[in-house]
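Engineer: Below you'll find query.txt; it's compact mmCIF, N, CA and C atoms.
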```txt
# COMPACT_ATOMS: atom_id res chain seq x y z
N MET A 3 -12.21 -2.67 -10.21
CA MET A 3 -12.12 -4.01 -9.71
C MET A 3 -13.19 -4.85 -10.37
N VAL A 4 -12.95 -5.15 -11.60
CA VAL A 4 -13.89 -5.87 -12.43
C VAL A 4 -14.14 -7.26 -11.88
N GLY A 5 -15.40 -7.67 -11.91
CA GLY A 5 -15.74 -9.03 -11.50
C GLY A 5 -15.85 -9.21 -9.99
N LYS A 6 -15.75 -8.15 -9.24
CA LYS A 6 -15.84 -8.26 -7.79
C LYS A 6 -17.19 -7.70 -7.34
N ALA A 7 -17.55 -8.02 -6.11
CA ALA A 7 -18.78 -7.50 -5.55
C ALA A 7 -18.72 -5.98 -5.49
N PRO A 8 -19.87 -5.30 -5.58
CA PRO A 8 -19.86 -3.84 -5.50
C PRO A 8 -19.21 -3.37 -4.20
N VAL A 9 -18.50 -2.28 -4.30
CA VAL A 9 -17.80 -1.73 -3.15
C VAL A 9 -18.46 -0.42 -2.77
N ASP A 10 -18.63 -0.19 -1.46
CA ASP A 10 -19.19 1.07 -1.00
C ASP A 10 -18.28 2.23 -1.38
N ALA A 11 -18.84 3.44 -1.37
CA ALA A 11 -18.04 4.64 -1.63
C ALA A 11 -17.06 4.83 -0.48
N PHE A 12 -15.90 5.34 -0.79
CA PHE A 12 -14.88 5.56 0.23
C PHE A 12 -15.27 6.76 1.08
N THR A 13 -15.37 6.55 2.38
CA THR A 13 -15.69 7.64 3.31
C THR A 13 -14.59 7.80 4.36
N GLY A 14 -13.48 7.11 4.16
CA GLY A 14 -12.39 7.16 5.13
C GLY A 14 -12.45 5.96 6.06
N TRP A 15 -11.47 5.91 6.94
CA TRP A 15 -11.44 4.86 7.95
C TRP A 15 -12.07 5.45 9.20
N THR A 16 -13.30 5.08 9.45
CA THR A 16 -14.03 5.67 10.56
C THR A 16 -14.10 4.75 11.77
N GLY A 17 -13.85 3.48 11.59
CA GLY A 17 -13.88 2.53 12.70
C GLY A 17 -12.56 2.53 13.44
N ASP A 18 -12.42 1.62 14.38
CA ASP A 18 -11.22 1.55 15.22
C ASP A 18 -10.13 0.72 14.55
N PHE A 19 -9.65 1.20 13.40
CA PHE A 19 -8.57 0.48 12.71
C PHE A 19 -7.30 0.49 13.55
N ARG A 20 -7.04 1.59 14.27
CA ARG A 20 -5.84 1.65 15.11
C ARG A 20 -5.88 0.57 16.18
N GLY A 21 -7.04 0.41 16.81
CA GLY A 21 -7.19 -0.62 17.84
C GLY A 21 -6.95 -2.01 17.28
N PHE A 22 -7.44 -2.25 16.06
CA PHE A 22 -7.21 -3.55 15.44
C PHE A 22 -5.72 -3.80 15.26
N PHE A 23 -5.01 -2.83 14.65
CA PHE A 23 -3.58 -3.02 14.38
C PHE A 23 -2.76 -3.08 15.67
N LEU A 24 -3.10 -2.27 16.65
CA LEU A 24 -2.36 -2.32 17.93
C LEU A 24 -2.59 -3.66 18.63
N GLY A 25 -3.82 -4.15 18.58
CA GLY A 25 -4.12 -5.46 19.16
C GLY A 25 -3.37 -6.57 18.44
N LEU A 26 -3.32 -6.49 17.12
CA LEU A 26 -2.60 -7.50 16.34
C LEU A 26 -1.10 -7.43 16.62
N LYS A 27 -0.60 -6.23 16.78
CA LYS A 27 0.83 -6.09 17.09
C LYS A 27 1.15 -6.71 18.45
N ALA A 28 0.26 -6.54 19.42
CA ALA A 28 0.47 -7.08 20.76
C ALA A 28 0.23 -8.59 20.81
N ASN A 29 -0.66 -9.08 19.97
CA ASN A 29 -1.04 -10.50 20.00
C ASN A 29 -1.15 -11.02 18.57
N ASN A 30 -0.01 -11.17 17.90
CA ASN A 30 0.01 -11.56 16.50
C ASN A 30 -0.14 -13.08 16.39
N THR A 31 -1.38 -13.52 16.59
CA THR A 31 -1.69 -14.95 16.54
C THR A 31 -2.90 -15.19 15.67
N LYS A 32 -3.06 -16.42 15.23
CA LYS A 32 -4.23 -16.79 14.44
C LYS A 32 -5.49 -16.60 15.27
N ALA A 33 -5.42 -16.93 16.55
CA ALA A 33 -6.60 -16.78 17.42
C ALA A 33 -7.06 -15.32 17.47
N TYR A 34 -6.13 -14.39 17.63
CA TYR A 34 -6.50 -12.97 17.65
C TYR A 34 -7.11 -12.57 16.31
N PHE A 35 -6.43 -12.90 15.22
CA PHE A 35 -6.92 -12.47 13.92
C PHE A 35 -8.31 -13.04 13.64
N GLN A 36 -8.51 -14.33 13.90
CA GLN A 36 -9.81 -14.94 13.66
C GLN A 36 -10.88 -14.32 14.56
N GLY A 37 -10.53 -14.03 15.79
CA GLY A 37 -11.47 -13.41 16.72
C GLY A 37 -11.84 -11.99 16.35
N HIS A 38 -11.01 -11.34 15.56
CA HIS A 38 -11.25 -9.95 15.14
C HIS A 38 -11.41 -9.83 13.62
N ARG A 39 -11.70 -10.95 12.97
CA ARG A 39 -11.81 -10.94 11.51
C ARG A 39 -12.89 -9.97 11.02
N SER A 40 -14.04 -9.94 11.68
CA SER A 40 -15.10 -9.03 11.22
C SER A 40 -14.65 -7.57 11.35
N GLN A 41 -13.90 -7.25 12.40
CA GLN A 41 -13.36 -5.89 12.54
C GLN A 41 -12.39 -5.60 11.40
N TYR A 42 -11.53 -6.55 11.06
CA TYR A 42 -10.60 -6.39 9.95
C TYR A 42 -11.37 -6.15 8.65
N GLU A 43 -12.37 -6.99 8.38
CA GLU A 43 -13.13 -6.88 7.13
C GLU A 43 -13.88 -5.55 7.04
N GLU A 44 -14.49 -5.11 8.13
CA GLU A 44 -15.35 -3.93 8.10
C GLU A 44 -14.59 -2.60 8.23
N VAL A 45 -13.62 -2.52 9.13
CA VAL A 45 -13.00 -1.21 9.40
C VAL A 45 -11.62 -1.05 8.80
N VAL A 46 -11.04 -2.14 8.29
CA VAL A 46 -9.71 -2.05 7.68
C VAL A 46 -9.80 -2.35 6.18
N LYS A 47 -10.19 -3.56 5.83
CA LYS A 47 -10.19 -3.98 4.43
C LYS A 47 -11.29 -3.31 3.61
N GLY A 48 -12.49 -3.20 4.15
CA GLY A 48 -13.61 -2.61 3.41
C GLY A 48 -13.30 -1.19 2.92
N PRO A 49 -12.89 -0.30 3.82
CA PRO A 49 -12.54 1.05 3.36
C PRO A 49 -11.37 1.06 2.37
N MET A 50 -10.40 0.16 2.55
CA MET A 50 -9.27 0.11 1.61
C MET A 50 -9.77 -0.27 0.22
N LEU A 51 -10.65 -1.26 0.13
CA LEU A 51 -11.19 -1.65 -1.17
C LEU A 51 -12.00 -0.51 -1.80
N ALA A 52 -12.73 0.24 -0.97
CA ALA A 52 -13.49 1.39 -1.49
C ALA A 52 -12.54 2.46 -2.04
N LEU A 53 -11.45 2.72 -1.32
CA LEU A 53 -10.46 3.70 -1.79
C LEU A 53 -9.84 3.25 -3.11
N LEU A 54 -9.44 1.99 -3.17
CA LEU A 54 -8.82 1.47 -4.39
C LEU A 54 -9.78 1.52 -5.57
N SER A 55 -11.05 1.28 -5.32
CA SER A 55 -12.05 1.36 -6.38
C SER A 55 -12.15 2.77 -6.93
N GLU A 56 -12.11 3.76 -6.05
CA GLU A 56 -12.19 5.15 -6.50
C GLU A 56 -10.92 5.62 -7.20
N LEU A 57 -9.79 5.04 -6.85
CA LEU A 57 -8.52 5.42 -7.47
C LEU A 57 -8.28 4.70 -8.80
N GLU A 58 -9.00 3.62 -9.04
CA GLU A 58 -8.75 2.78 -10.22
C GLU A 58 -8.81 3.53 -11.55
N PRO A 59 -9.77 4.44 -11.78
CA PRO A 59 -9.77 5.12 -13.08
C PRO A 59 -8.48 5.89 -13.38
N GLU A 60 -7.83 6.41 -12.34
CA GLU A 60 -6.60 7.18 -12.56
C GLU A 60 -5.34 6.33 -12.50
N PHE A 61 -5.31 5.33 -11.60
CA PHE A 61 -4.08 4.57 -11.36
C PHE A 61 -4.13 3.13 -11.84
N GLY A 62 -5.25 2.70 -12.36
CA GLY A 62 -5.39 1.33 -12.81
C GLY A 62 -5.74 0.41 -11.65
N PRO A 63 -6.00 -0.84 -11.94
CA PRO A 63 -6.36 -1.78 -10.89
C PRO A 63 -5.20 -1.94 -9.90
N ALA A 64 -5.57 -2.13 -8.66
CA ALA A 64 -4.57 -2.29 -7.60
C ALA A 64 -4.60 -3.70 -7.07
N ARG A 65 -3.47 -4.13 -6.57
CA ARG A 65 -3.35 -5.45 -5.95
C ARG A 65 -3.24 -5.26 -4.45
N LEU A 66 -4.23 -5.77 -3.74
CA LEU A 66 -4.25 -5.70 -2.28
C LEU A 66 -3.44 -6.86 -1.72
N ALA A 67 -2.50 -6.56 -0.86
CA ALA A 67 -1.67 -7.61 -0.26
C ALA A 67 -2.49 -8.43 0.74
N ARG A 68 -2.14 -9.69 0.84
CA ARG A 68 -2.78 -10.57 1.83
C ARG A 68 -2.34 -10.17 3.23
N PRO A 69 -3.16 -10.43 4.23
CA PRO A 69 -2.76 -10.09 5.60
C PRO A 69 -1.71 -11.06 6.17
N ASN A 70 -1.60 -12.24 5.57
CA ASN A 70 -0.64 -13.24 6.06
C ASN A 70 0.77 -12.89 5.62
N ARG A 71 1.72 -13.07 6.52
CA ARG A 71 3.13 -12.88 6.18
C ARG A 71 3.68 -14.19 5.61
N ASP A 72 4.67 -14.07 4.75
CA ASP A 72 5.39 -15.25 4.26
C ASP A 72 6.51 -15.51 5.27
N ILE A 73 6.33 -16.49 6.10
CA ILE A 73 7.28 -16.74 7.19
C ILE A 73 8.25 -17.88 6.90
N ARG A 74 8.22 -18.40 5.69
CA ARG A 74 9.04 -19.57 5.38
C ARG A 74 10.52 -19.34 5.67
N PHE A 75 11.04 -18.18 5.30
CA PHE A 75 12.47 -17.93 5.46
C PHE A 75 12.75 -16.79 6.43
N ALA A 76 11.73 -16.33 7.14
CA ALA A 76 11.88 -15.19 8.05
C ALA A 76 12.24 -15.65 9.45
N SER A 77 13.08 -14.86 10.11
CA SER A 77 13.38 -15.17 11.51
C SER A 77 12.19 -14.80 12.40
N ASP A 78 11.42 -13.78 12.02
CA ASP A 78 10.20 -13.39 12.74
C ASP A 78 9.06 -14.25 12.21
N LYS A 79 8.54 -15.11 13.04
CA LYS A 79 7.50 -16.05 12.61
C LYS A 79 6.08 -15.56 12.91
N SER A 80 5.91 -14.27 13.24
CA SER A 80 4.56 -13.77 13.47
C SER A 80 3.77 -13.91 12.17
N PRO A 81 2.55 -14.45 12.25
CA PRO A 81 1.84 -14.85 11.04
C PRO A 81 1.16 -13.72 10.24
N TYR A 82 0.97 -12.54 10.84
CA TYR A 82 0.20 -11.50 10.15
C TYR A 82 0.98 -10.19 10.04
N LYS A 83 0.72 -9.49 8.94
CA LYS A 83 1.28 -8.15 8.75
C LYS A 83 0.50 -7.19 9.64
N THR A 84 1.17 -6.20 10.17
CA THR A 84 0.50 -5.23 11.04
C THR A 84 0.14 -3.96 10.25
N ASN A 85 -0.09 -4.14 8.96
CA ASN A 85 -0.61 -3.07 8.11
C ASN A 85 -1.39 -3.71 6.97
N ILE A 86 -2.04 -2.87 6.19
CA ILE A 86 -2.69 -3.31 4.96
C ILE A 86 -2.17 -2.39 3.87
N TYR A 87 -1.86 -2.94 2.72
CA TYR A 87 -1.32 -2.11 1.65
C TYR A 87 -1.68 -2.66 0.29
N ALA A 88 -1.57 -1.78 -0.70
CA ALA A 88 -1.84 -2.16 -2.09
C ALA A 88 -0.97 -1.33 -3.00
N SER A 89 -0.68 -1.89 -4.16
CA SER A 89 0.03 -1.13 -5.19
C SER A 89 -0.79 -1.19 -6.46
N ALA A 90 -0.80 -0.06 -7.18
CA ALA A 90 -1.60 0.06 -8.38
C ALA A 90 -0.77 -0.24 -9.62
N ARG A 91 -1.40 -0.80 -10.61
CA ARG A 91 -0.73 -1.18 -11.84
C ARG A 91 -0.02 0.00 -12.50
N ASP A 92 -0.66 1.17 -12.52
CA ASP A 92 -0.10 2.32 -13.22
C ASP A 92 0.73 3.21 -12.31
N GLY A 93 1.15 2.70 -11.18
CA GLY A 93 2.00 3.45 -10.25
C GLY A 93 1.19 3.93 -9.06
N GLY A 94 1.77 3.82 -7.93
CA GLY A 94 1.11 4.27 -6.71
C GLY A 94 1.08 3.16 -5.68
N TYR A 95 1.08 3.58 -4.44
CA TYR A 95 1.12 2.66 -3.31
C TYR A 95 0.36 3.33 -2.18
N VAL A 96 -0.43 2.57 -1.47
CA VAL A 96 -1.15 3.09 -0.31
C VAL A 96 -1.08 2.04 0.79
N ALA A 97 -0.82 2.50 2.01
CA ALA A 97 -0.71 1.58 3.15
C ALA A 97 -1.34 2.24 4.38
N LEU A 98 -1.90 1.41 5.23
CA LEU A 98 -2.51 1.88 6.47
C LEU A 98 -2.03 0.98 7.60
N ASP A 99 -1.64 1.61 8.71
CA ASP A 99 -1.31 0.87 9.93
C ASP A 99 -1.77 1.70 11.12
N ALA A 100 -1.38 1.32 12.32
CA ALA A 100 -1.83 2.02 13.51
C ALA A 100 -1.38 3.48 13.53
N ALA A 101 -0.29 3.80 12.85
CA ALA A 101 0.22 5.18 12.82
C ALA A 101 -0.53 6.05 11.83
N GLY A 102 -1.19 5.46 10.84
CA GLY A 102 -1.92 6.24 9.87
C GLY A 102 -1.72 5.76 8.45
N LEU A 103 -1.95 6.66 7.51
CA LEU A 103 -1.97 6.35 6.09
C LEU A 103 -0.70 6.84 5.40
N VAL A 104 -0.19 6.04 4.49
CA VAL A 104 0.93 6.43 3.62
C VAL A 104 0.43 6.28 2.19
N ALA A 105 0.61 7.31 1.40
CA ALA A 105 0.30 7.24 -0.03
C ALA A 105 1.56 7.66 -0.77
N ALA A 106 1.90 6.92 -1.78
CA ALA A 106 3.14 7.20 -2.51
C ALA A 106 2.93 7.00 -3.99
N GLY A 107 3.76 7.65 -4.76
CA GLY A 107 3.74 7.48 -6.20
C GLY A 107 5.05 6.87 -6.63
N GLY A 108 5.07 6.36 -7.82
CA GLY A 108 6.30 5.79 -8.32
C GLY A 108 6.06 4.42 -8.91
N ARG A 109 7.13 3.78 -9.20
CA ARG A 109 7.08 2.44 -9.79
C ARG A 109 7.92 1.49 -8.96
N TYR A 110 7.50 0.27 -8.92
CA TYR A 110 8.22 -0.79 -8.23
C TYR A 110 8.50 -1.88 -9.25
N ARG A 111 9.74 -2.24 -9.36
CA ARG A 111 10.15 -3.31 -10.28
C ARG A 111 9.73 -3.04 -11.73
N MET A 112 10.32 -2.03 -12.30
CA MET A 112 10.05 -1.76 -13.72
C MET A 112 10.65 -2.88 -14.55
N ASP A 113 9.97 -3.20 -15.66
CA ASP A 113 10.58 -4.18 -16.55
C ASP A 113 11.71 -3.49 -17.32
N THR A 114 12.47 -4.24 -18.06
CA THR A 114 13.67 -3.72 -18.73
C THR A 114 13.36 -2.55 -19.64
N ALA A 115 12.31 -2.65 -20.43
CA ALA A 115 11.95 -1.57 -21.36
C ALA A 115 11.51 -0.31 -20.61
N GLN A 116 10.70 -0.48 -19.54
CA GLN A 116 10.26 0.67 -18.75
C GLN A 116 11.45 1.37 -18.11
N LEU A 117 12.37 0.59 -17.56
CA LEU A 117 13.54 1.17 -16.91
C LEU A 117 14.40 1.93 -17.90
N ALA A 118 14.56 1.39 -19.10
CA ALA A 118 15.36 2.08 -20.13
C ALA A 118 14.71 3.41 -20.51
N ARG A 119 13.37 3.44 -20.68
CA ARG A 119 12.68 4.69 -21.02
C ARG A 119 12.79 5.70 -19.88
N TYR A 120 12.66 5.23 -18.65
CA TYR A 120 12.77 6.13 -17.50
C TYR A 120 14.17 6.76 -17.43
N ARG A 121 15.18 5.94 -17.55
CA ARG A 121 16.56 6.44 -17.49
C ARG A 121 16.84 7.42 -18.62
N ALA A 122 16.35 7.12 -19.81
CA ALA A 122 16.56 8.03 -20.94
C ALA A 122 15.85 9.36 -20.70
N GLY A 123 14.65 9.31 -20.15
CA GLY A 123 13.90 10.54 -19.86
C GLY A 123 14.57 11.41 -18.82
N VAL A 124 15.11 10.80 -17.78
CA VAL A 124 15.78 11.55 -16.73
C VAL A 124 17.10 12.11 -17.24
N ALA A 125 17.78 11.35 -18.08
CA ALA A 125 19.08 11.78 -18.60
C ALA A 125 18.96 12.87 -19.66
N ALA A 126 17.82 12.93 -20.35
CA ALA A 126 17.64 13.95 -21.39
C ALA A 126 17.59 15.33 -20.76
N ASP A 127 18.21 16.28 -21.41
CA ASP A 127 18.34 17.63 -20.86
C ASP A 127 16.99 18.26 -20.53
N SER A 128 16.08 18.29 -21.47
CA SER A 128 14.80 18.97 -21.28
C SER A 128 13.93 18.28 -20.22
N SER A 129 13.67 16.99 -20.40
CA SER A 129 12.80 16.29 -19.45
C SER A 129 13.48 16.09 -18.10
N GLY A 130 14.81 15.96 -18.08
CA GLY A 130 15.53 15.85 -16.81
C GLY A 130 15.36 17.08 -15.95
N ARG A 131 15.44 18.25 -16.58
CA ARG A 131 15.24 19.50 -15.82
C ARG A 131 13.81 19.58 -15.28
N LYS A 132 12.84 19.09 -16.05
CA LYS A 132 11.46 19.10 -15.58
C LYS A 132 11.29 18.20 -14.36
N VAL A 133 11.96 17.06 -14.37
CA VAL A 133 11.88 16.15 -13.22
C VAL A 133 12.49 16.82 -11.98
N VAL A 134 13.64 17.44 -12.14
CA VAL A 134 14.29 18.13 -11.02
C VAL A 134 13.38 19.23 -10.47
N ALA A 135 12.75 20.00 -11.34
CA ALA A 135 11.85 21.08 -10.90
C ALA A 135 10.62 20.51 -10.19
N LEU A 136 10.08 19.43 -10.70
CA LEU A 136 8.92 18.81 -10.08
C LEU A 136 9.25 18.29 -8.68
N VAL A 137 10.37 17.60 -8.55
CA VAL A 137 10.78 17.09 -7.23
C VAL A 137 11.02 18.24 -6.27
N ALA A 138 11.66 19.31 -6.71
CA ALA A 138 11.91 20.47 -5.85
C ALA A 138 10.59 21.10 -5.39
N ALA A 139 9.62 21.22 -6.30
CA ALA A 139 8.33 21.80 -5.94
C ALA A 139 7.61 20.93 -4.91
N LEU A 140 7.69 19.62 -5.06
CA LEU A 140 7.05 18.73 -4.09
C LEU A 140 7.73 18.82 -2.73
N ARG A 141 9.06 18.91 -2.71
CA ARG A 141 9.78 19.07 -1.44
C ARG A 141 9.36 20.37 -0.75
N ASP A 142 9.23 21.44 -1.54
CA ASP A 142 8.82 22.73 -0.98
C ASP A 142 7.43 22.66 -0.34
N LYS A 143 6.59 21.77 -0.84
CA LYS A 143 5.25 21.60 -0.28
C LYS A 143 5.24 20.64 0.90
N GLY A 144 6.39 20.09 1.26
CA GLY A 144 6.47 19.21 2.43
C GLY A 144 6.43 17.73 2.13
N TYR A 145 6.43 17.35 0.86
CA TYR A 145 6.47 15.93 0.53
C TYR A 145 7.86 15.38 0.82
N GLU A 146 7.90 14.11 1.20
CA GLU A 146 9.15 13.47 1.53
C GLU A 146 9.44 12.36 0.51
N GLU A 147 10.72 12.11 0.31
CA GLU A 147 11.12 10.99 -0.53
C GLU A 147 11.37 9.80 0.40
N ILE A 148 10.81 8.68 0.01
CA ILE A 148 11.03 7.44 0.75
C ILE A 148 11.49 6.40 -0.25
N TYR A 149 12.56 5.75 0.06
CA TYR A 149 13.09 4.73 -0.84
C TYR A 149 12.91 3.37 -0.19
N PHE A 150 12.42 2.43 -0.98
CA PHE A 150 12.24 1.07 -0.50
C PHE A 150 13.28 0.18 -1.15
N ASP A 151 13.84 -0.69 -0.37
CA ASP A 151 14.81 -1.64 -0.92
C ASP A 151 14.11 -2.80 -1.57
```
As a first step, turn the structure in this file into structure tokens.

Structural biologist:
Amino acid sequence: MVGKAPVDAFTGWTGDFRGFFLGLKANNTKAYFQGHRSQYEEVVKGPMLALLSELEPEFGPARLARPNRDIRFASDKSPYKTNIYASARDGGYVALDAAGLVAAGGRYRMDTAQLARYRAGVAADSSGRKVVALVAALRDKGYEEIYFD
């Protein structure tokens, strides 16, 4: 995270992040968020930035999503997201909410050239078999596939 203030080492989420998210879910208002902003900064956002900093050498810089929801066209007008998440430039996604942490690998919105290379690699006999074996090994270890629309 070049050009940003130094970030502490990641030690996990040790504060009451669950309480923050549960409170926000129950009272998703600007007043609640502003009243608990220091809790958000210290026990939710701070550790996330530390984690992203440690992951950057392997996954590239990550983009942390804003806590505000885009409500312009949404039927749900609650102003804040009830999670925090980021996606890394070189693949990867991490999110935290009251239920816990989700970490995922993969790509979101590949450009045309990336998508063509991916499809060719999967379709090729040798590399396609390697992908199938890798996915099977991960399933055997208990990893789940999650697809986002």

Engineer: Could you give me, as a list in words, the residues within 6 Å of region 16-19 of chain A, counting all atoms listed in the file and dropping anything in the same chain fewer than 6 positions from it?

Structural biologist: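 The residues satisfying every condition are Val45, Val46 and Ala100 of chain A.
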
Engineer: Would you compute the distance between atom C of Ala52 (chain A) and atom C of Leu26 (chain A)? Give it in Å to one decimal.

Structural biologist: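 Answer for the atom C of Ala52 (chain A) to atom C of Leu26 (chain A) separation: 24.0 Å.
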
Engineer: Can you tell me, as a PyMOL selection string, what residues are no more than 8 Å from region 54-63 of chain A when counting all atoms listed in the file, ignoring any on the same chain fewer than 4 positions away?

Structural biologist: chain A and resi 3-4+9-12+48-50+89-94

Engineer: Would you compute the distance between CA of Gly123 (chain A) and CA of Arg65 (chain A)? Give it in Å to one decimal.

Structural biologist: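 Between CA of Gly123 (chain A) and CA of Arg65 (chain A) the gap is 27.3 Å.
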
Engineer: Please, what distance in Å, to one decimal, runs between atom C of Val133 (chain A) and atom N of Tyr95 (chain A)?

Structural biologist: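 Pair atom C of Val133 (chain A) / atom N of Tyr95 (chain A) returns 19.0 Å.
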
Engineer: I need the alpha helix (DSSP H) residues of region 111-143 of chain A per DSSP on the backbone, written as a VMD selection string.

Structural biologist: chain A and resid 114 to 125 127 to 142

Engineer: So that I can check the surroundings of region 70-83 of chain A, please list as a ChimeraX atom specification every protein, DNA and RNA residue that reaches within 12 Å of it, counting only C-alpha atoms and ignoring chain neighbours fewer than 4 positions away.

Structural biologist: /A:22-36,42,66,87,97-100

Engineer: Considering only C-alpha atoms, can you say which of A:Arg39, A:Met112, A:Arg20, A:Thr13 comes closest to Leu51 (chain A)?

Structural biologist: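 Comparing A:Arg39, A:Met112, A:Arg20, A:Thr13 against Leu51 (chain A), the winner is A:Thr13.
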
Engineer: Report the residues of chain A whose backbone DSSP state falls under strand (DSSP E), written as a list in words.

Structural biologist: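 Written out, the strand (DSSP E) residues of chain A are Ala64, Arg65, Leu66, Asn85, Ile86, Tyr87, Ala88, Ser89, Ala90, Tyr95, Val96, Ala97, Leu98, Asp99, Gly102, Leu103, Val104, Ala105 and Ala106 of chain A.
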